[in-house]
Amino acid sequence: MSELGDGTRVVHAVSGAPGEPFSAQPVFASAYHLGGQDYYGRAGNPTWRSLEAALGSLEGGECVVFPSGMAAISTLLRTVLSTGDTLVLPSDGYFLTRKFVSEMDVNVVEVPTAGPYPSFDGVKLVLLETPSNPGLDVCDIAALADAAHAAGALLAVDNTTATPLGQRPLELGADIVVASDTKAVAGHSDVLFGHVTVASPELAAKVRDARTLNGAIAGPFETWLALRGLGTLDLRLARQAENAAAIYSLLKGRVDGLRWPGAPEDPAYLVAAQQMRRFNGVLTFELLDVEAVDSFLSRSKLVSAATSFGGLHSTADRRAQFGDPVPEGLVRFSAGCEDTRDLVADVSHALGLD
């Protein structure tokens, strides 16, 4: 049988066994009768394992879930890195990751996602974020994995923007995937969540032990919300990508700094098309200034100001207000699941293009 489609994979990844509910239900226990797989709520939970099995099956590795994307990436960094180690980090990636490592006793080399990359000799971990947030630049995961491994380094990929359906970094040679599932995986703007998936069972055990020790554990209800959201990821990504493509077409040649890796005209497209299985609903563009962004949002009936992405609703985030080193008028636009015709008409009116 040929590989199953994305819709089939996500629906059945979250399905229970015959005779059980169609998907795992939240287990709220903090203590268990001894003798079974679980003994205490900080060390294990059946709902965690259901979501970890689902995400692991989609990404091709062993998954460990966390209560937020930052909990996931900070635990990973503390697990892999020791005092004096060298980390290669995207200079244009998520700003809180840069802030976190600035407070660690490690050597940090910042590199733009699009490169050029230095030699990885002496490096312990290379962390990529592709497509980057918020700039949406892309780098060649397979090539950088080869370079990292040749130098004895591990390679991790922040896969938040791409999602497990859009990109499979472990199949491209990465050792680790980390993501904020608050965004498209959970997809309903109602839960904070994150995960780490690794190719090595030994590293997975270390990450899981670190989660138990530092108490960065997900609540069972939040885990269930993420699991429930994952089942419709294929459907939501399809509409979001359709809407992003339509908004890109509307804005092309009419705004500055327009980026969407799914557009053949985009500088990242050639690499993105080689390694991404599908595109999503996140694009960026620049308006003149803060006032222009405020005017756009006040005139729109469908687009809300919000600082996340990947949800059902279309949102716009002026990233400079949160500390990203970007132009004041740069907008990260997250296309939601509205009807394409309605969204295009609304954005056109809000920007005065109609």
# chains A, B, ... in the order shown; residues from 1 in each chain; ligands from 1

call {"tool": "closest_atom_pairs", "arguments": {"of": "region 9-50 of chain A", "to": "region 178-200 of chain A", "cutoff": "12 Å", "atoms": "only C-alpha atoms", "output": "tab-separated table"}}
result
residue	atom	partner	partner_atom	distance
A:Val10	CA	A:Val185	CA	10.4
A:Trp48	CA	A:His195	CA	10.5
A:Arg49	CA	A:His195	CA	11.9

call {"tool": "select_by_dssp", "arguments": {"residues": "region 98-334 of chain A", "states": "alpha helix (DSSP H)", "output": "PyMOL selection string"}}
result
chain A and resi 98-102+141-150+163-166+201-214+220-230+233-251+269-275+290-299

call {"tool": "closest_atom_pairs", "arguments": {"of": "region 107-163 of chain A", "to": "region 256-271 of chain A", "cutoff": "7 Å", "atoms": "only C-alpha atoms", "output": "Markdown table"}}
result
| residue | atom | partner | partner_atom | distance |
| --- | --- | --- | --- | --- |
| A:Leu136 | CA | A:Arg259 | CA | 6.7 |
| A:Asp137 | CA | A:Ala268 | CA | 5.9 |
| A:Val138 | CA | A:Ala268 | CA | 5.5 |
| A:Cys139 | CA | A:Val271 | CA | 6.9 |
| A:Asp140 | CA | A:Val271 | CA | 6.3 |

call {"tool": "write_last_selection", "arguments": {"atoms": "C-alpha atoms", "output": "PDB file, in the first residue's frame"}}
result
ATOM      1  CA  LEU A 136       9.829  33.034   6.911  1.00  0.00           C
ATOM      2  CA  ASP A 137      13.316  32.366   5.586  1.00  0.00           C
ATOM      3  CA  VAL A 138      14.247  28.734   4.921  1.00  0.00           C
ATOM      4  CA  CYS A 139      17.450  26.705   5.158  1.00  0.00           C
ATOM      5  CA  ASP A 140      18.455  23.313   3.767  1.00  0.00           C
TER       6      ASP A 140
END

call {"tool": "select_by_dssp", "arguments": {"residues": "region 49-264 of chain A", "states": "strand (DSSP E)", "output": "JSON, numbers by chain"}}
result
{"A": [62, 63, 64, 65, 66, 86, 87, 88, 89, 90, 107, 108, 109, 110, 111, 125, 126, 127, 128, 129, 154, 155, 156, 157, 158, 176, 177, 178, 179, 180, 194, 195, 196, 197, 198, 256, 257, 258, 259]}

call {"tool": "closest_atom_pairs", "arguments": {"of": "region 147-181 of chain A", "to": "region 76-97 of chain A", "cutoff": "10 Å", "atoms": "only C-alpha atoms", "output": "Markdown table"}}
result
| residue | atom | partner | partner_atom | distance |
| --- | --- | --- | --- | --- |
| A:Ala153 | CA | A:Leu87 | CA | 9.4 |
| A:Leu154 | CA | A:Val80 | CA | 9.0 |
| A:Leu155 | CA | A:Val88 | CA | 9.5 |
| A:Ala156 | CA | A:Leu76 | CA | 9.6 |
| A:Asp158 | CA | A:Gly93 | CA | 9.1 |
| A:Ile176 | CA | A:Leu76 | CA | 9.2 |
| A:Val177 | CA | A:Leu76 | CA | 9.9 |
| A:Val178 | CA | A:Leu76 | CA | 8.3 |

call {"tool": "residues_around", "arguments": {"residues": "Ala210 (chain A)", "least_positions_apart": "6", "cutoff": "12 Å", "atoms": "only C-alpha atoms", "output": "ChimeraX atom specification"}}
result
/A:42-43,64-66,71-80,203-204,216-217

call {"tool": "write_last_selection", "arguments": {"atoms": "C-alpha atoms", "output": "short mmCIF file (atom, residue, chain, number, x, y, z; two decimals), in the first residue's frame"}}
result
data_model
loop_
_atom_site.label_atom_id
_atom_site.label_comp_id
_atom_site.auth_asym_id
_atom_site.auth_seq_id
_atom_site.Cartn_x
_atom_site.Cartn_y
_atom_site.Cartn_z
CA ARG A 42 4.54 14.04 37.44
CA ALA A 43 6.26 11.00 35.93
CA VAL A 64 7.93 13.95 24.78
CA VAL A 65 5.19 16.53 25.42
CA PHE A 66 5.43 19.75 27.43
CA ALA A 71 9.06 24.54 28.17
CA ALA A 72 9.95 22.13 25.38
CA ILE A 73 12.86 24.08 23.93
CA SER A 74 14.29 25.21 27.27
CA THR A 75 14.24 21.64 28.61
CA LEU A 76 15.91 20.41 25.44
CA LEU A 77 18.64 23.05 25.62
CA ARG A 78 19.36 22.35 29.29
CA THR A 79 19.45 18.61 28.57
CA VAL A 80 21.81 18.74 25.60
CA LEU A 203 18.10 11.13 24.22
CA ALA A 204 14.33 10.77 24.53
CA ALA A 216 7.50 20.96 33.25
CA ILE A 217 4.50 18.71 32.84
#

call {"tool": "atom_distance", "arguments": {"atom1": "CA of Lys124 (chain A)", "atom2": "CA of Met104 (chain A)"}}
result
14.1 Å

call {"tool": "closest_atom_pairs", "arguments": {"of": "region 133-183 of chain A", "to": "region 313-337 of chain A", "cutoff": "9 Å", "atoms": "only C-alpha atoms", "output": "Markdown table"}}
result
| residue | atom | partner | partner_atom | distance |
| --- | --- | --- | --- | --- |
| A:Asn133 | CA | A:Arg332 | CA | 8.7 |
| A:Pro134 | CA | A:Arg332 | CA | 6.4 |
| A:Gly135 | CA | A:Arg332 | CA | 8.4 |

call {"tool": "write_last_selection", "arguments": {"atoms": "all heavy atoms", "output": "PDB file, in the first residue's frame"}}
result
ATOM      1  N   ASN A 133      10.624  32.400  12.143  1.00  0.00           N
ATOM      2  CA  ASN A 133       9.531  33.194  12.705  1.00  0.00           C
ATOM      3  C   ASN A 133      10.105  34.500  13.254  1.00  0.00           C
ATOM      4  O   ASN A 133      10.915  34.460  14.185  1.00  0.00           O
ATOM      5  CB  ASN A 133       8.872  32.391  13.834  1.00  0.00           C
ATOM      6  CG  ASN A 133       7.826  33.185  14.598  1.00  0.00           C
ATOM      7  OD1 ASN A 133       7.258  34.127  14.095  1.00  0.00           O
ATOM      8  ND2 ASN A 133       7.602  32.790  15.845  1.00  0.00           N
ATOM      9  N   PRO A 134       9.768  35.652  12.664  1.00  0.00           N
ATOM     10  CA  PRO A 134       8.656  35.855  11.730  1.00  0.00           C
ATOM     11  C   PRO A 134       9.049  36.023  10.263  1.00  0.00           C
ATOM     12  O   PRO A 134       8.184  36.218   9.415  1.00  0.00           O
ATOM     13  CB  PRO A 134       8.058  37.173  12.237  1.00  0.00           C
ATOM     14  CG  PRO A 134       9.259  37.957  12.670  1.00  0.00           C
ATOM     15  CD  PRO A 134      10.227  36.940  13.236  1.00  0.00           C
ATOM     16  N   GLY A 135      10.347  35.970   9.943  1.00  0.00           N
ATOM     17  CA  GLY A 135      10.764  36.354   8.597  1.00  0.00           C
ATOM     18  C   GLY A 135      10.443  35.372   7.498  1.00  0.00           C
ATOM     19  O   GLY A 135      10.463  35.716   6.327  1.00  0.00           O
TER      20      GLY A 135
END

call {"tool": "residues_around", "arguments": {"residues": "Ser119 (chain A)", "least_positions_apart": "6", "cutoff": "10 Å", "atoms": "only C-alpha atoms", "output": "ChimeraX atom specification"}}
result
/A:147-148,151

call {"tool": "closest_residue", "arguments": {"among": "A:Asp38, A:Glu286, A:Glu242, A:Asp209", "to": "Glu338 (chain A)", "atoms": "only C-alpha atoms"}}
result
A:Glu242

call {"tool": "atom_distance", "arguments": {"atom1": "CA of Thr284 (chain A)", "atom2": "CA of Leu230 (chain A)"}}
result
24.8 Å

call {"tool": "residues_around", "arguments": {"residues": "region 14-25 of chain A", "least_positions_apart": "6", "cutoff": "8 Å", "atoms": "only C-alpha atoms", "output": "PDB file with N, CA and C atoms, in the first residue's frame"}}
result
ATOM      1  N   THR A  47      -2.765  10.029  28.989  1.00  0.00           N
ATOM      2  CA  THR A  47      -3.132  10.984  27.949  1.00  0.00           C
ATOM      3  C   THR A  47      -1.892  11.540  27.267  1.00  0.00           C
ATOM      4  N   SER A  50      -0.733   9.002  24.707  1.00  0.00           N
ATOM      5  CA  SER A  50      -1.547   8.959  23.487  1.00  0.00           C
ATOM      6  C   SER A  50      -1.117  10.042  22.511  1.00  0.00           C
ATOM      7  N   LEU A  51      -0.919  11.266  23.013  1.00  0.00           N
ATOM      8  CA  LEU A  51      -0.484  12.346  22.131  1.00  0.00           C
ATOM      9  C   LEU A  51       0.952  12.134  21.674  1.00  0.00           C
ATOM     10  N   ALA A  54       0.942   9.720  18.885  1.00  0.00           N
ATOM     11  CA  ALA A  54       0.416  10.313  17.661  1.00  0.00           C
ATOM     12  C   ALA A  54       1.453  11.208  16.988  1.00  0.00           C
ATOM     13  N   TRP A 224      -5.296  16.632  26.171  1.00  0.00           N
ATOM     14  CA  TRP A 224      -6.443  16.150  25.391  1.00  0.00           C
ATOM     15  C   TRP A 224      -6.896  17.183  24.364  1.00  0.00           C
ATOM     16  N   LEU A 227      -4.517  16.915  21.522  1.00  0.00           N
ATOM     17  CA  LEU A 227      -4.779  15.668  20.800  1.00  0.00           C
ATOM     18  C   LEU A 227      -6.022  15.806  19.925  1.00  0.00           C
ATOM     19  N   ARG A 228      -7.075  16.404  20.453  1.00  0.00           N
ATOM     20  CA  ARG A 228      -8.290  16.598  19.685  1.00  0.00           C
ATOM     21  C   ARG A 228      -8.035  17.513  18.487  1.00  0.00           C
ATOM     22  N   LEU A 230      -5.210  17.988  16.894  1.00  0.00           N
ATOM     23  CA  LEU A 230      -4.330  17.341  15.916  1.00  0.00           C
ATOM     24  C   LEU A 230      -5.123  16.581  14.864  1.00  0.00           C
ATOM     25  N   GLY A 231      -6.260  16.007  15.230  1.00  0.00           N
ATOM     26  CA  GLY A 231      -7.027  15.196  14.294  1.00  0.00           C
ATOM     27  C   GLY A 231      -7.547  15.955  13.089  1.00  0.00           C
TER      28      GLY A 231
END

call {"tool": "residues_around", "arguments": {"residues": "Ala244 (chain A)", "least_positions_apart": "4", "cutoff": "7 Å", "atoms": "only C-alpha atoms", "output": "PyMOL selection string"}}
result
chain A and resi 240+248+281-283+335

call {"tool": "write_last_selection", "arguments": {"atoms": "N, CA, C and O atoms", "output": "mmCIF file, in the first residue's frame"}}
result
data_model
loop_
_atom_site.group_PDB
_atom_site.id
_atom_site.type_symbol
_atom_site.label_atom_id
_atom_site.label_comp_id
_atom_site.auth_asym_id
_atom_site.auth_seq_id
_atom_site.Cartn_x
_atom_site.Cartn_y
_atom_site.Cartn_z
ATOM 1 N N GLN A 240 -6.065 26.998 5.337
ATOM 2 C CA GLN A 240 -5.166 28.095 5.663
ATOM 3 C C GLN A 240 -4.186 28.377 4.528
ATOM 4 O O GLN A 240 -3.914 29.541 4.201
ATOM 5 N N TYR A 248 -1.633 36.316 -0.647
ATOM 6 C CA TYR A 248 -0.363 36.629 -1.322
ATOM 7 C C TYR A 248 -0.635 37.219 -2.709
ATOM 8 O O TYR A 248 -0.035 38.234 -3.098
ATOM 9 N N GLY A 281 -0.465 28.642 6.441
ATOM 10 C CA GLY A 281 -1.176 29.902 6.302
ATOM 11 C C GLY A 281 -0.457 31.130 6.804
ATOM 12 O O GLY A 281 -1.081 32.186 6.928
ATOM 13 N N VAL A 282 0.846 31.047 7.104
ATOM 14 C CA VAL A 282 1.555 32.187 7.682
ATOM 15 C C VAL A 282 2.319 32.933 6.585
ATOM 16 O O VAL A 282 3.112 32.343 5.850
ATOM 17 N N LEU A 283 2.076 34.243 6.489
ATOM 18 C CA LEU A 283 2.830 35.084 5.583
ATOM 19 C C LEU A 283 3.165 36.383 6.285
ATOM 20 O O LEU A 283 2.589 36.704 7.334
ATOM 21 N N ALA A 335 -3.331 33.289 8.203
ATOM 22 C CA ALA A 335 -4.600 33.053 7.516
ATOM 23 C C ALA A 335 -5.354 31.931 8.211
ATOM 24 O O ALA A 335 -4.804 30.852 8.460
#

call {"tool": "residues_around", "arguments": {"residues": "Leu353 (chain A)", "least_positions_apart": "6", "cutoff": "9 Å", "atoms": "only C-alpha atoms", "output": "PyMOL selection string"}}
result
chain A and resi 250-251+254+347

call {"tool": "decode", "arguments": {"residues": "region 211-223 of chain A", "atoms": "all heavy atoms", "output": "PDB file, in the first residue's frame"}}
result
ATOM      1  N   ARG A 211      12.088  16.359  32.167  1.00  0.00           N
ATOM      2  CA  ARG A 211      10.719  16.840  32.375  1.00  0.00           C
ATOM      3  C   ARG A 211      10.222  16.474  33.770  1.00  0.00           C
ATOM      4  O   ARG A 211       9.617  17.291  34.463  1.00  0.00           O
ATOM      5  CB  ARG A 211       9.794  16.251  31.322  1.00  0.00           C
ATOM      6  CG  ARG A 211       8.327  16.654  31.493  1.00  0.00           C
ATOM      7  CD  ARG A 211       7.434  16.000  30.450  1.00  0.00           C
ATOM      8  NE  ARG A 211       7.376  14.540  30.601  1.00  0.00           N
ATOM      9  CZ  ARG A 211       6.694  13.740  29.774  1.00  0.00           C
ATOM     10  NH1 ARG A 211       6.045  14.254  28.748  1.00  0.00           N
ATOM     11  NH2 ARG A 211       6.694  12.427  29.973  1.00  0.00           N
ATOM     12  N   THR A 212      10.477  15.241  34.194  1.00  0.00           N
ATOM     13  CA  THR A 212      10.049  14.801  35.517  1.00  0.00           C
ATOM     14  C   THR A 212      10.749  15.596  36.616  1.00  0.00           C
ATOM     15  O   THR A 212      10.125  16.016  37.595  1.00  0.00           O
ATOM     16  CB  THR A 212      10.338  13.297  35.694  1.00  0.00           C
ATOM     17  OG1 THR A 212       9.635  12.565  34.686  1.00  0.00           O
ATOM     18  CG2 THR A 212       9.898  12.819  37.060  1.00  0.00           C
ATOM     19  N   LEU A 213      12.059  15.821  36.448  1.00  0.00           N
ATOM     20  CA  LEU A 213      12.835  16.516  37.479  1.00  0.00           C
ATOM     21  C   LEU A 213      12.464  17.982  37.600  1.00  0.00           C
ATOM     22  O   LEU A 213      12.390  18.515  38.715  1.00  0.00           O
ATOM     23  CB  LEU A 213      14.331  16.369  37.176  1.00  0.00           C
ATOM     24  CG  LEU A 213      14.936  14.991  37.415  1.00  0.00           C
ATOM     25  CD1 LEU A 213      16.360  14.932  36.896  1.00  0.00           C
ATOM     26  CD2 LEU A 213      14.897  14.643  38.900  1.00  0.00           C
ATOM     27  N   ASN A 214      12.253  18.652  36.447  1.00  0.00           N
ATOM     28  CA  ASN A 214      11.972  20.092  36.538  1.00  0.00           C
ATOM     29  C   ASN A 214      10.485  20.404  36.618  1.00  0.00           C
ATOM     30  O   ASN A 214      10.099  21.562  36.765  1.00  0.00           O
ATOM     31  CB  ASN A 214      12.654  20.867  35.397  1.00  0.00           C
ATOM     32  CG  ASN A 214      12.100  20.523  34.021  1.00  0.00           C
ATOM     33  OD1 ASN A 214      10.924  20.197  33.871  1.00  0.00           O
ATOM     34  ND2 ASN A 214      12.951  20.618  33.006  1.00  0.00           N
ATOM     35  N   GLY A 215       9.652  19.379  36.536  1.00  0.00           N
ATOM     36  CA  GLY A 215       8.219  19.575  36.728  1.00  0.00           C
ATOM     37  C   GLY A 215       7.509  20.265  35.587  1.00  0.00           C
ATOM     38  O   GLY A 215       6.386  20.756  35.760  1.00  0.00           O
ATOM     39  N   ALA A 216       8.121  20.311  34.409  1.00  0.00           N
ATOM     40  CA  ALA A 216       7.497  20.959  33.254  1.00  0.00           C
ATOM     41  C   ALA A 216       6.520  20.002  32.594  1.00  0.00           C
ATOM     42  O   ALA A 216       6.733  19.499  31.493  1.00  0.00           O
ATOM     43  CB  ALA A 216       8.567  21.400  32.253  1.00  0.00           C
ATOM     44  N   ILE A 217       5.429  19.736  33.302  1.00  0.00           N
ATOM     45  CA  ILE A 217       4.498  18.713  32.838  1.00  0.00           C
ATOM     46  C   ILE A 217       3.196  19.335  32.354  1.00  0.00           C
ATOM     47  O   ILE A 217       2.717  20.338  32.883  1.00  0.00           O
ATOM     48  CB  ILE A 217       4.206  17.677  33.947  1.00  0.00           C
ATOM     49  CG1 ILE A 217       3.616  18.351  35.174  1.00  0.00           C
ATOM     50  CG2 ILE A 217       5.476  16.928  34.295  1.00  0.00           C
ATOM     51  CD1 ILE A 217       3.087  17.391  36.205  1.00  0.00           C
ATOM     52  N   ALA A 218       2.621  18.725  31.332  1.00  0.00           N
ATOM     53  CA  ALA A 218       1.364  19.201  30.753  1.00  0.00           C
ATOM     54  C   ALA A 218       0.181  18.662  31.547  1.00  0.00           C
ATOM     55  O   ALA A 218       0.200  17.521  32.011  1.00  0.00           O
ATOM     56  CB  ALA A 218       1.262  18.741  29.298  1.00  0.00           C
ATOM     57  N   GLY A 219      -0.855  19.486  31.694  1.00  0.00           N
ATOM     58  CA  GLY A 219      -2.074  19.015  32.310  1.00  0.00           C
ATOM     59  C   GLY A 219      -2.794  18.039  31.397  1.00  0.00           C
ATOM     60  O   GLY A 219      -2.736  18.165  30.168  1.00  0.00           O
ATOM     61  N   PRO A 220      -3.483  17.060  31.948  1.00  0.00           N
ATOM     62  CA  PRO A 220      -4.158  16.073  31.097  1.00  0.00           C
ATOM     63  C   PRO A 220      -5.253  16.675  30.225  1.00  0.00           C
ATOM     64  O   PRO A 220      -5.443  16.237  29.087  1.00  0.00           O
ATOM     65  CB  PRO A 220      -4.729  15.057  32.098  1.00  0.00           C
ATOM     66  CG  PRO A 220      -4.730  15.762  33.412  1.00  0.00           C
ATOM     67  CD  PRO A 220      -3.591  16.728  33.367  1.00  0.00           C
ATOM     68  N   PHE A 221      -5.965  17.677  30.719  1.00  0.00           N
ATOM     69  CA  PHE A 221      -7.005  18.287  29.896  1.00  0.00           C
ATOM     70  C   PHE A 221      -6.390  19.051  28.726  1.00  0.00           C
ATOM     71  O   PHE A 221      -6.872  18.961  27.593  1.00  0.00           O
ATOM     72  CB  PHE A 221      -7.879  19.218  30.735  1.00  0.00           C
ATOM     73  CG  PHE A 221      -9.033  19.806  29.955  1.00  0.00           C
ATOM     74  CD1 PHE A 221     -10.110  19.004  29.590  1.00  0.00           C
ATOM     75  CD2 PHE A 221      -9.030  21.134  29.583  1.00  0.00           C
ATOM     76  CE1 PHE A 221     -11.174  19.534  28.866  1.00  0.00           C
ATOM     77  CE2 PHE A 221     -10.088  21.675  28.860  1.00  0.00           C
ATOM     78  CZ  PHE A 221     -11.162  20.868  28.501  1.00  0.00           C
ATOM     79  N   GLU A 222      -5.315  19.785  28.994  1.00  0.00           N
ATOM     80  CA  GLU A 222      -4.630  20.510  27.922  1.00  0.00           C
ATOM     81  C   GLU A 222      -4.059  19.528  26.891  1.00  0.00           C
ATOM     82  O   GLU A 222      -4.089  19.790  25.679  1.00  0.00           O
ATOM     83  CB  GLU A 222      -3.519  21.385  28.499  1.00  0.00           C
ATOM     84  CG  GLU A 222      -3.998  22.592  29.276  1.00  0.00           C
ATOM     85  CD  GLU A 222      -4.496  22.254  30.679  1.00  0.00           C
ATOM     86  OE1 GLU A 222      -4.326  21.091  31.117  1.00  0.00           O
ATOM     87  OE2 GLU A 222      -5.049  23.154  31.336  1.00  0.00           O
ATOM     88  N   THR A 223      -3.539  18.410  27.373  1.00  0.00           N
ATOM     89  CA  THR A 223      -3.032  17.387  26.463  1.00  0.00           C
ATOM     90  C   THR A 223      -4.152  16.864  25.571  1.00  0.00           C
ATOM     91  O   THR A 223      -3.969  16.679  24.361  1.00  0.00           O
ATOM     92  CB  THR A 223      -2.414  16.224  27.267  1.00  0.00           C
ATOM     93  OG1 THR A 223      -1.420  16.732  28.153  1.00  0.00           O
ATOM     94  CG2 THR A 223      -1.793  15.198  26.344  1.00  0.00           C
TER      95      THR A 223
END
